[in-house]
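Chemist: Structure below; questions to follow.
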Amino acid sequence: MCGIVGIFLKDPALEGELGSMLASMLCVMTDRGPDSAGFAVYGSGAKDKVKLSLRAAKGYDFSALAAGLSIPADGMPPLSVRSTHAVIEIPAAREAAVRSFLAASHPEVAVVGTGSRMEIFKEVGLPATVADTFGLAKMRGTHGIGHTRMATESAVTTAGAHPFSTGADQCLVHNGSLSNHNQLRRQLKREGITFETENDSEVAAGYLTWRLKQGASLGEALEAGLKDLDGFYTFVVGTENGFGVLRDPVACKPAVMAETDQYVAFGSEYRALVDLPGIEKARVFEPEPATVYFWERAQ
Amino acid sequence: MNAISPDITFDLASAELRELNEALHKITAESNTRRWRVLNPEGRHAVAVGIDAPVTVEIDGNVGYYCAGMNQQASVIIHGNAGQGVAENMMSGFVRVCGDASQSAGATGHGGLLVVDGNASARCGISMKGIDIVVKGSIGHMSAFMGQSGSLVVFGDAGEALGDSLYEAKLFVRGTVKSLGADCVAKEMRDEHKALLAQKLEAAGIAPGSVDLSEFKRYGSARKLYNFHVDNADAY
C-alpha cells in the first residue's frame, strides 16, 4: 500500500503554513502506511550554501560533530537538531570535503539529503509520531512531499523510509513496487549513482537524478522513466523549484490532485486533501496514467 | 443542490460512518424514512454501502472508495466526485455521481443503473454482469474488461483496450476509442441497438431526442475467445 502526499504552493502567503498542511495530509494517510513516515520540505536557502540533512542514533551529539567540521572563517556552521536528524548548513564549496570527512570519520552518521533548500526527515513509527518528533507542523517552505509506508519490497527501517534523495535538492516518494529495480540499480551504479539501500524506490530516485544530471528537465526525466521503469508506481517528486507527479500506464496505485489559485496538492486519497484551505472550491482531478505532470516556480 | 427535503440528515463531521451504514441497513419496506441526506463525507470510504431498501440517499461532497457498493433498490446520489469502486457489485437500484468517478466504477455490477455526469477513469465496468452504466464524459483504459452482460454508454472517449476479453456486455461510445482490447470489435448499429441505447439514455434521465443516437458506435465481442481453440494450442 503506502500513502503519498505533496503540496506545491503558488501563493507565498501560505508558506508559513506549509508544514501544518503537510502534517495534516500525512497523518490522514496513516491507514495506508503505519510502518514509517517521512517528508521533505523546501524552505529557505542561499545559493552559496548547502544544507546537509543528517541522521544518527537517538541522542547523538550533532553539535560536537558540527564543531569538529572546523569550517575555517565561518565558525560553527548553522545547525538545527530535530531528534535523530540534524540539518547543517555549510558553504557549497565545502560540500565535497565535508561529505568525504563524514564518510571517513563518522560512519555512524548518514547523509539523507543535500541541497540548497531541501530538508529531509524520516523515521520508523506512526506518521503522527514522526511528524511531531520533527516538528513538521511548524516548518515553512514553498513545497513539500511526504510518505507513509507499508513495506513490501524491503525491510521496515529508517533507511528504507521515504523520501529518497540521491541528488541535490531532489527527492521522491513512491507508492507501488518496481520489478526491474535490481537491473536498473546495476546500470545506474555504473553511471556513478550511489545507493544506500536495497529499496526499489531509491532506484527510481537515482534514475531521475541520473536523467537530470544528463541535462533533462524534470518533465523530460519523468517522461523517460515511463519507458525505463517497469512495475507499479505513483511517484511524487520534488526539485529545488519543482514538483512533479507520474503514474505508470496501468495506474493501479491511486492518485488524486487538487488545484486552486493558491496551491497544487497531491494525495493517494481525497481524504488527505480535505483540510486544505479552499478545497471545496478546488479543481479536483485524477492524474491520467502515463502522463507527466509538473509545476515549476520561476527561478 | 437537491430538490427533496430529507427525512433524516446525517452529518459525518459529528457522527460515525458506521452509525450511518447501520441505520441504512436497518431500513425495511415499512420504514417511513425514505429520504436521507449525508453531509461532510470528506472522502470517507464505504459510504452508504450495502443498502437493501427503496430509499434515496443524497451525499453532499466527495466520497472515497466503494461508495454505494453492493447496492440493492436504493437511489444514491453523490453531489461530488467518487473514489474507486463506486457502485461496485451493485445488484439493483440507481447510483449517480454528479462529478467524476475514479477507477473501477460499477465493477462486477449485476444490475441497476450507474450514471456518471463527469469522467470515469480506468477499468470502468470491469467484469460487469448486468449493470447499466452511462458516463457523460470519457472513460479510462481497460474499461468493460471481461464484461459479461449489461451495457456501457459513453458520451466522450474511451481509453486503451476497451472491452478486452469481452463477453456479452454491450458497449456504445460516441467519441473516439484509443484502442480495442482483445476480441472486442466495432459492430453494426441496427435499429434494435438504437432502441436499446435510447432506452438506456431515457433511464438515465436524458431527454429523448436530445442526443443524436447515430453519433454512437457499438462495440461488442467477436466471440473468438469464448472457447479453447485448437489453433492456439501452441500458446500454452
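Following the order of the C-alpha cells, first chain is A, next is B, and so on, with residues numbered from 1 inside each chain and ligands from 1 in the order they appear.
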What residues in chain A have any atom no more than 8 Å from chain B when counting only C-alpha atoms, and can you write them as number ranges by chain?

Modeler: A: 251, 269-271, 274, 285-286

Chemist: Quick one: residues within 6 Å of Gly125 in chain B, only C-alpha atoms counted, chain neighbours fewer than 5 positions away excluded, as an NGL selection string?

Modeler: :B and (105-107 or 143-144)

Chemist: Mind the document's chain letters and residue numbers, and return as a PyMOL selection string the residues of range 69-196 of chain A that DSSP labels helix (DSSP H, G or I).

Modeler: chain A and resi 92-105+127-133+136-138+181-190

Chemist: Find the residues around range 158-168 of chain A up to 7 Å (only C-alpha atoms counted), leave out those fewer than 5 positions away in its own chain, and share them as a VMD selection string.

Modeler: chain A and resid 36 to 40 112 to 115 122 to 124 146 to 147 149 173 197 199 202 205 to 206 209

Chemist: What is the distance between CA of Leu18 in chain A and CA of Gly141 in chain A, in Å to one decimal?

Modeler: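 If I compute the distance from CA of Leu18 in chain A to CA of Gly141 in chain A, I get 5.8 Å.
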
Chemist: Rounded to one decimal in Å, what is the spacing between CA of Val211 in chain B and CA of Ala74 in chain B?

Modeler: 27.3 Å

Chemist: Identify, on the basis of only C-alpha atoms, every residue whose closest approach to Val98 in chain A does not exceed 10 Å; exclude the query and any residue fewer than 5 positions from it along the same chain; express the result as a VMD selection string.

Modeler: chain A and resid 52 69 to 71 90 to 93 103 to 104

Chemist: Suppose we keep C-alpha atoms; can you now write the selection as an mmCIF file, in the first residue's frame?

Modeler:
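File produced: again18.cif:
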data_model
loop_
_atom_site.group_PDB
_atom_site.id
_atom_site.type_symbol
_atom_site.label_atom_id
_atom_site.label_comp_id
_atom_site.auth_asym_id
_atom_site.auth_seq_id
_atom_site.Cartn_x
_atom_site.Cartn_y
_atom_site.Cartn_z
ATOM 1 C CA LEU A 52 23.026 18.517 4.691
ATOM 2 C CA LEU A 69 33.931 20.028 10.902
ATOM 3 C CA SER A 70 36.227 23.026 11.568
ATOM 4 C CA ILE A 71 34.994 25.131 8.705
ATOM 5 C CA ILE A 90 27.780 24.705 5.088
ATOM 6 C CA PRO A 91 29.421 26.692 2.290
ATOM 7 C CA ALA A 92 28.662 24.960 -1.017
ATOM 8 C CA ALA A 93 32.362 24.932 -1.837
ATOM 9 C CA ALA A 103 32.073 9.149 5.263
ATOM 10 C CA ALA A 104 35.586 8.512 6.506
#

Chemist: Quick check for you: according to DSSP on this backbone, which residues of range 149-219 of chain B are classed as strand (DSSP E or B)? Reply as a list in words.

Modeler: Ser149, Gly150, Ser151, Leu152, Val153, Val154, Ala158, Leu162, Lys170, Leu171, Phe172, Val173, Val177, Leu180, Cys184, Val185, Ala186, Lys187, Lys217, Arg218 and Tyr219 of chain B

Chemist: Report as a ChimeraX atom specification all protein, DNA and RNA residues lying within 10 Å of Leu184 in chain A, evaluated on only C-alpha atoms, omitting residues in the same chain fewer than 2 positions from it.

Modeler: /A:179-182,186-190,200,203-204,206-207,228-230

Chemist: Those residues you just picked out, can you put them in a file as a compact mmCIF listing (two decimals), in the first residue's frame with N, CA and C atoms?

Modeler:
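Output file part39.txt follows:
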# COMPACT_ATOMS: atom_id res chain seq x y z
N SER A 179 9.63 -3.66 -10.69
CA SER A 179 10.06 -5.04 -10.94
C SER A 179 11.45 -5.11 -11.57
N ASN A 180 11.94 -4.03 -12.12
CA ASN A 180 13.28 -4.08 -12.75
C ASN A 180 14.31 -3.26 -11.97
N HIS A 181 14.09 -3.14 -10.64
CA HIS A 181 15.00 -2.24 -9.90
C HIS A 181 16.40 -2.79 -9.73
N ASN A 182 16.54 -4.12 -9.65
CA ASN A 182 17.90 -4.66 -9.48
C ASN A 182 18.78 -4.41 -10.70
N ARG A 186 22.07 -1.75 -11.00
CA ARG A 186 23.40 -2.11 -11.51
C ARG A 186 23.82 -1.13 -12.61
N GLN A 187 22.88 -0.83 -13.51
CA GLN A 187 23.22 0.10 -14.60
C GLN A 187 23.54 1.49 -14.07
N LEU A 188 22.75 1.94 -13.10
CA LEU A 188 22.96 3.29 -12.57
C LEU A 188 24.25 3.39 -11.78
N LYS A 189 24.61 2.29 -11.09
CA LYS A 189 25.89 2.28 -10.35
C LYS A 189 27.05 2.49 -11.31
N ARG A 190 26.93 1.85 -12.48
CA ARG A 190 27.99 2.03 -13.48
C ARG A 190 28.04 3.48 -13.96
N ASP A 200 13.54 -0.51 -3.79
CA ASP A 200 13.21 -0.25 -5.20
C ASP A 200 12.98 1.25 -5.46
N VAL A 203 15.91 3.36 -6.24
CA VAL A 203 16.39 3.23 -7.61
C VAL A 203 15.67 4.23 -8.52
N ALA A 204 14.37 4.41 -8.27
CA ALA A 204 13.62 5.38 -9.07
C ALA A 204 14.18 6.78 -8.84
N GLY A 206 17.21 7.50 -7.92
CA GLY A 206 18.53 7.52 -8.57
C GLY A 206 18.42 7.67 -10.07
N TYR A 207 17.41 7.02 -10.62
CA TYR A 207 17.19 7.11 -12.06
C TYR A 207 16.91 8.55 -12.49
N ASP A 228 11.65 3.35 -19.01
CA ASP A 228 12.70 2.58 -18.34
C ASP A 228 12.31 1.93 -17.01
N LEU A 229 11.26 2.44 -16.38
CA LEU A 229 10.86 1.88 -15.09
C LEU A 229 9.71 0.92 -15.30
N ASP A 230 9.90 -0.32 -14.85
CA ASP A 230 8.87 -1.32 -15.03
C ASP A 230 8.25 -1.64 -13.66

Chemist: Contacts of Leu14 in chain A at 10 Å or less, counting only C-alpha atoms, minus same-chain residues fewer than 2 places along, as a ChimeraX atom specification?

Modeler: /A:9-12,16-19,21,140-142,262-263,277

Chemist: For the residues in the current selection, export N, CA, C and O atoms as a PDB file, in the first residue's frame.

Modeler:
ATOM      1  N   LEU A   9       3.080  25.233  -3.321  1.00  0.00           N
ATOM      2  CA  LEU A   9       2.361  26.496  -3.123  1.00  0.00           C
ATOM      3  C   LEU A   9       2.592  27.454  -4.281  1.00  0.00           C
ATOM      4  O   LEU A   9       3.714  27.618  -4.754  1.00  0.00           O
ATOM      5  N   LYS A  10       1.515  28.074  -4.707  1.00  0.00           N
ATOM      6  CA  LYS A  10       1.634  29.147  -5.697  1.00  0.00           C
ATOM      7  C   LYS A  10       1.593  30.492  -4.967  1.00  0.00           C
ATOM      8  O   LYS A  10       2.116  31.480  -5.456  1.00  0.00           O
ATOM      9  N   ASP A  11       0.921  30.513  -3.832  1.00  0.00           N
ATOM     10  CA  ASP A  11       0.716  31.751  -3.092  1.00  0.00           C
ATOM     11  C   ASP A  11       1.701  31.827  -1.915  1.00  0.00           C
ATOM     12  O   ASP A  11       1.589  31.058  -0.962  1.00  0.00           O
ATOM     13  N   PRO A  12       2.677  32.749  -1.980  1.00  0.00           N
ATOM     14  CA  PRO A  12       3.684  32.836  -0.908  1.00  0.00           C
ATOM     15  C   PRO A  12       3.063  33.087   0.474  1.00  0.00           C
ATOM     16  O   PRO A  12       3.679  32.774   1.490  1.00  0.00           O
ATOM     17  N   GLY A  16       4.131  29.967   5.407  1.00  0.00           N
ATOM     18  CA  GLY A  16       4.248  29.704   6.841  1.00  0.00           C
ATOM     19  C   GLY A  16       3.424  28.518   7.292  1.00  0.00           C
ATOM     20  O   GLY A  16       3.655  27.954   8.369  1.00  0.00           O
ATOM     21  N   GLU A  17       2.455  28.125   6.480  1.00  0.00           N
ATOM     22  CA  GLU A  17       1.569  27.013   6.853  1.00  0.00           C
ATOM     23  C   GLU A  17       1.890  25.725   6.128  1.00  0.00           C
ATOM     24  O   GLU A  17       1.182  24.733   6.275  1.00  0.00           O
ATOM     25  N   LEU A  18       2.946  25.737   5.314  1.00  0.00           N
ATOM     26  CA  LEU A  18       3.256  24.539   4.528  1.00  0.00           C
ATOM     27  C   LEU A  18       3.383  23.311   5.414  1.00  0.00           C
ATOM     28  O   LEU A  18       2.830  22.249   5.131  1.00  0.00           O
ATOM     29  N   GLY A  19       4.126  23.458   6.522  1.00  0.00           N
ATOM     30  CA  GLY A  19       4.368  22.326   7.408  1.00  0.00           C
ATOM     31  C   GLY A  19       3.093  21.785   8.016  1.00  0.00           C
ATOM     32  O   GLY A  19       2.888  20.564   8.066  1.00  0.00           O
ATOM     33  N   MET A  21       0.077  22.065   6.833  1.00  0.00           N
ATOM     34  CA  MET A  21      -0.726  21.432   5.781  1.00  0.00           C
ATOM     35  C   MET A  21      -0.190  20.029   5.483  1.00  0.00           C
ATOM     36  O   MET A  21      -0.946  19.056   5.399  1.00  0.00           O
ATOM     37  N   ARG A 140       8.259  25.932   7.533  1.00  0.00           N
ATOM     38  CA  ARG A 140       7.738  26.735   6.435  1.00  0.00           C
ATOM     39  C   ARG A 140       8.486  26.390   5.157  1.00  0.00           C
ATOM     40  O   ARG A 140       9.594  25.848   5.195  1.00  0.00           O
ATOM     41  N   GLY A 141       7.874  26.685   4.039  1.00  0.00           N
ATOM     42  CA  GLY A 141       8.525  26.360   2.777  1.00  0.00           C
ATOM     43  C   GLY A 141       7.607  26.617   1.602  1.00  0.00           C
ATOM     44  O   GLY A 141       6.480  27.094   1.766  1.00  0.00           O
ATOM     45  N   THR A 142       8.139  26.318   0.419  1.00  0.00           N
ATOM     46  CA  THR A 142       7.389  26.565  -0.815  1.00  0.00           C
ATOM     47  C   THR A 142       6.692  25.313  -1.315  1.00  0.00           C
ATOM     48  O   THR A 142       5.663  25.382  -1.967  1.00  0.00           O
ATOM     49  N   GLN A 262      -4.047  29.036  -5.123  1.00  0.00           N
ATOM     50  CA  GLN A 262      -3.022  29.104  -4.087  1.00  0.00           C
ATOM     51  C   GLN A 262      -2.058  27.920  -4.064  1.00  0.00           C
ATOM     52  O   GLN A 262      -0.950  28.044  -3.569  1.00  0.00           O
ATOM     53  N   TYR A 263      -2.501  26.774  -4.551  1.00  0.00           N
ATOM     54  CA  TYR A 263      -1.631  25.595  -4.442  1.00  0.00           C
ATOM     55  C   TYR A 263      -2.048  24.487  -5.408  1.00  0.00           C
ATOM     56  O   TYR A 263      -3.139  24.513  -5.967  1.00  0.00           O
ATOM     57  N   PRO A 277      -6.989  24.601   2.744  1.00  0.00           N
ATOM     58  CA  PRO A 277      -7.852  25.784   2.620  1.00  0.00           C
ATOM     59  C   PRO A 277      -8.473  25.868   1.222  1.00  0.00           C
ATOM     60  O   PRO A 277      -7.799  25.642   0.221  1.00  0.00           O
TER      61      PRO A 277
END

Chemist: What lies within 10 Å of Pro249 in chain A using only C-alpha atoms, ignoring chain neighbours under 4 positions off, as a VMD selection string?

Modeler: (chain A and resid 226 230 to 234 288 to 291) or (chain B and resid 141)

Chemist: To one decimal place in Å, what is the distance between CA of Ser75 in chain B and CA of Arg174 in chain B?

Modeler: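 Atom-to-atom, CA of Ser75 in chain B and CA of Arg174 in chain B are spaced 26.5 Å apart.
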
Chemist: Find the residue from A:Leu126, A:Ala96, A:Leu79, A:Ala110 that sits nearest to Ala56 in chain A; use only C-alpha atoms when measuring.

Modeler: A:Ala110

Chemist: Using only C-alpha atoms, which of B:Asp164, B:Val153, B:Leu213, B:Ala222 sits nearest Lys200 in chain B?

Modeler: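 Ranked by minimum distance to Lys200 in chain B, first place goes to B:Val153.
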